[in-house]
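To start, the structure itself, in structure tokens.
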Amino acid sequence: MSKATHLECSVCGTRFEAGQVANLCHCGGPLLARYDLDKIRHRWLRREVPNGPASMWRYAPVLPPADEAIVSLGEGWTPLIRTKRLGARVGADALWVKDEGMNPTASFKARGLSCAISMCVELGIKKVAIPSAGNAASALAAYAAAAGLESYIFMPRDVPQANYLECKAYGANVTLVDGLISDCGKIVAERGPKEGWFDISTLKEPYRIEGKKTMGYEVAEQMGWELPDAIFYPTGGGVGLIGMWKAFAEMEKLGWIGGKRPKMISVQAEGCAPIVKAFEENEPRSKFFENAHTVAAGLRVPKALGDFLVLQGVRESGGAAVAVSDDEMLDAAIEMASDEGIYAAPEGAACVAALRKLLASGLLKSGDKIVLYNTGSGLKYPEAYSTRFPRSASGEQDKLGGLITPR
Ligand SMILES: *Cc1c(COP(=O)(O)O)cnc(C)c1O
């Protein structure tokens, strides 16, 4: 039995029974899982949380699947690293990086798909399909393999090689599409019903967000139940940000934190910045971003289903939406690596570039407590890093290093 009491439409408020296969509401709105938090708060105390496992399942009482259904590869409970040199470099005295690259399949996507696949097991779903810009596909393929489910994956043709190889190795059925994630989504929506696939697209099913929200529970616990002043989150579909915002509201109802919220900063790439554009134009929703392009594959989402929820969270928090260029991301990625030993995904590095802009604009102060989410590992992005550190195929000496031939 699902631990959620019901599912609620985020647009029209219609309620649906928990413990059933569910995609979107009739009105097209994403469904969110709700719990009886009044009951839970008396049975599960904040001080008991550290007794739980060293994974996101330490928050199992506010996650939907029953314990027997859980499919886990050890996702979550990632390190929150206080920076030693990077903060001084950008002018932030209290700066942390939440390193999601440490997750199974090397991105935070593991959290969402561990939860969603667990619910598929609970509900008896056998075949799952996903459109993905890369990392969601890797995570789906891994968890489907772990659960013994069939997975069908649709990715842009130019998806990072690492994602393609992982999916194949995990035994997924992979189709490359000459288009963007939005085109992949259309194919899944058209073919899914005929093929008997369950569509596990972001927010088209209600449980990936539940896994992702644990990033919000964790940052609170790791900071002694005191939220930071600002959280930077690289935004594609935006579900990580929406999930954390949901987690903060739940934790307040549980009596674990007060009403103070961090400024939520949504970070996008200049080549694909629909949320930033809507934020600047004061629109409640974004418009399809034409010709989306960026090295940060996870940010190449030209139109997000949950855009209105991202914009609501950002605005209610007094935060901002900021775009940075691919060059700024890669510069920042190399700074994170050389200053801190963190080999970040370009998406995560984008947060450093955005932080610089908001310190300069005055929205943030040097003394603010700031957490950046590095959503994935740089190991997934040899193509992006190679543009900075080229090496010829013949192994000739390059201008940065050198080649020595042993005698
Ligand atoms: C998917 C992804 C993102 C975007 O996440 P959303 O929650 O969909 O906005 C950011 N970074 C990486 C590395 C990703 O894989």
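We label chains A, B, ... in the order they appear in the structure tokens, count residues from 1 in each chain, and number ligands from 1 in the order shown.
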Checklist entry - Residues within 7 Å of ligand 1 (only C-alpha atoms and all ligand atoms), as a PyMOL selection string? => result chain A and resi 107-109+134-136+234-241+298-299+345+347-348+375-376
With N, CA and C atoms retained, write the just-selected residues as a compact mmCIF listing (two decimals), in the first residue's frame.
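Contents of again-v3.txt, as written:
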# COMPACT_ATOMS: atom_id res chain seq x y z
N SER A 107 24.38 10.94 -11.25
CA SER A 107 23.60 12.18 -11.26
C SER A 107 22.43 12.04 -10.28
N PHE A 108 21.84 13.18 -9.93
CA PHE A 108 20.72 13.17 -8.98
C PHE A 108 19.50 12.49 -9.58
N LYS A 109 19.50 12.21 -10.89
CA LYS A 109 18.36 11.53 -11.51
C LYS A 109 18.09 10.18 -10.84
N GLY A 134 19.58 12.62 -21.36
CA GLY A 134 20.77 11.83 -21.08
C GLY A 134 20.77 11.13 -19.72
N ASN A 135 20.90 11.92 -18.65
CA ASN A 135 21.09 11.30 -17.33
C ASN A 135 19.86 10.58 -16.80
N ALA A 136 18.69 11.06 -17.15
CA ALA A 136 17.47 10.36 -16.70
C ALA A 136 17.41 8.98 -17.35
N PRO A 234 20.51 24.07 -11.10
CA PRO A 234 20.50 24.10 -12.57
C PRO A 234 19.20 23.49 -13.08
N THR A 235 18.47 24.24 -13.87
CA THR A 235 17.08 23.90 -14.16
C THR A 235 16.87 23.48 -15.61
N GLY A 236 16.44 22.24 -15.78
CA GLY A 236 15.99 21.77 -17.08
C GLY A 236 14.48 21.69 -16.99
N GLY A 237 13.97 20.50 -16.57
CA GLY A 237 12.55 20.36 -16.27
C GLY A 237 12.17 21.08 -14.98
N GLY A 238 13.14 21.31 -14.13
CA GLY A 238 12.90 22.08 -12.89
C GLY A 238 12.36 21.25 -11.74
N VAL A 239 12.33 19.93 -11.91
CA VAL A 239 11.66 19.12 -10.90
C VAL A 239 12.45 19.06 -9.59
N GLY A 240 13.76 19.18 -9.69
CA GLY A 240 14.55 19.21 -8.46
C GLY A 240 14.17 20.42 -7.61
N LEU A 241 14.01 21.53 -8.26
CA LEU A 241 13.66 22.76 -7.54
C LEU A 241 12.23 22.68 -6.98
N GLY A 298 21.61 18.32 -19.66
CA GLY A 298 20.47 18.26 -18.74
C GLY A 298 19.65 19.55 -18.72
N LEU A 299 20.23 20.62 -19.26
CA LEU A 299 19.50 21.90 -19.27
C LEU A 299 18.83 22.15 -20.62
N ALA A 345 29.54 18.31 -13.35
CA ALA A 345 28.82 18.40 -14.62
C ALA A 345 28.74 19.89 -14.99
N GLU A 347 26.29 21.47 -15.86
CA GLU A 347 25.06 21.97 -15.23
C GLU A 347 25.36 22.49 -13.83
N GLY A 348 26.11 21.71 -13.05
CA GLY A 348 26.45 22.10 -11.69
C GLY A 348 27.36 23.32 -11.69
N THR A 375 24.63 18.78 -9.89
CA THR A 375 23.63 17.74 -10.13
C THR A 375 24.19 16.45 -10.75
N GLY A 376 25.45 16.52 -11.23
CA GLY A 376 26.00 15.30 -11.83
C GLY A 376 27.52 15.33 -11.85
9 Å contact set for Gly76 of chain A, only C-alpha atoms, chain neighbours under 4 positions out, as a short mmCIF file (atom, residue, chain, number, x, y, z; two decimals) with C-alpha atoms, in the first residue's frame:
data_model
loop_
_atom_site.label_atom_id
_atom_site.label_comp_id
_atom_site.auth_asym_id
_atom_site.auth_seq_id
_atom_site.Cartn_x
_atom_site.Cartn_y
_atom_site.Cartn_z
CA ALA A 54 22.65 6.36 4.63
CA SER A 55 20.55 6.89 1.50
CA MET A 56 17.49 8.94 0.56
CA TRP A 57 15.39 6.12 2.03
CA GLU A 100 25.01 14.81 -6.54
CA MET A 102 28.19 10.76 -6.09
CA ASN A 103 24.85 9.08 -6.82
CA PRO A 104 24.44 5.74 -8.64
CA PHE A 108 20.72 13.17 -8.98
CA ALA A 110 18.95 8.35 -9.50
CA ARG A 111 16.78 9.73 -6.70
CA THR A 214 14.82 14.30 -0.75
CA MET A 215 17.53 16.78 -1.86
CA GLU A 218 18.97 16.28 3.11
#
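Proximity to Lys357 of chain A was assessed for A:Ala292, A:Ala18, A:Val310, A:Ala92 counting only C-alpha atoms; the smallest distance is recorded for A:Ala92.
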Next on the checklist: Among segment 153-354 of chain A, which ones does DSSP assign to helix (DSSP H, G or I) (computed from the backbone)? Answer as a PyMOL selection string.
Outcome noted: chain A and resi 161-169+181-195+208-212+214-222+239-253+274-280+297-299+307-316+326-340+346-354
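Distance-wise, atom CA of Gly367 of chain A and atom CA of Lys246 of chain A end up 26.5 Å apart.
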Checklist entry - Where does DSSP see strand (DSSP E or B) in segment 40-253 of chain A, if you list the residues as a ChimeraX atom specification? => result /A:80-82,94-99,107,127-131,150-156,173-177,198-199,230-234
Now that the selection is made, can you save its residues with C-alpha atoms as a short mmCIF file (atom, residue, chain, number, x, y, z; two decimals), in the first residue's frame?
data_model
loop_
_atom_site.label_atom_id
_atom_site.label_comp_id
_atom_site.auth_asym_id
_atom_site.auth_seq_id
_atom_site.Cartn_x
_atom_site.Cartn_y
_atom_site.Cartn_z
CA LEU A 80 27.55 18.56 1.38
CA ILE A 81 31.02 20.01 0.95
CA ARG A 82 32.07 23.34 2.47
CA ALA A 94 29.90 30.56 3.37
CA LEU A 95 29.61 28.36 0.31
CA TRP A 96 28.74 24.69 0.06
CA VAL A 97 28.44 22.26 -2.85
CA LYS A 98 25.94 19.43 -2.59
CA ASP A 99 27.64 16.82 -4.73
CA SER A 107 23.60 12.18 -11.26
CA LYS A 127 7.43 -1.91 -19.22
CA VAL A 128 8.57 1.68 -18.84
CA ALA A 129 9.45 4.33 -21.42
CA ILE A 130 11.24 7.65 -21.10
CA PRO A 131 12.32 10.61 -23.23
CA GLU A 150 11.85 -3.69 -19.61
CA SER A 151 12.88 -0.12 -20.46
CA TYR A 152 12.43 1.86 -23.68
CA ILE A 153 14.56 4.96 -24.04
CA PHE A 154 14.35 7.84 -26.52
CA MET A 155 17.24 10.31 -26.54
CA PRO A 156 18.51 13.04 -28.88
CA ASN A 173 15.96 -0.64 -25.69
CA VAL A 174 17.55 2.58 -26.95
CA THR A 175 16.30 4.72 -29.85
CA LEU A 176 18.22 7.82 -30.90
CA VAL A 177 16.06 10.64 -32.27
CA PHE A 198 4.20 3.29 -18.81
CA ASP A 199 5.31 6.87 -19.58
CA ALA A 230 20.11 30.69 -1.07
CA ILE A 231 20.01 27.51 -3.14
CA PHE A 232 21.28 27.43 -6.72
CA TYR A 233 19.74 24.76 -8.89
CA PRO A 234 20.50 24.10 -12.57
#
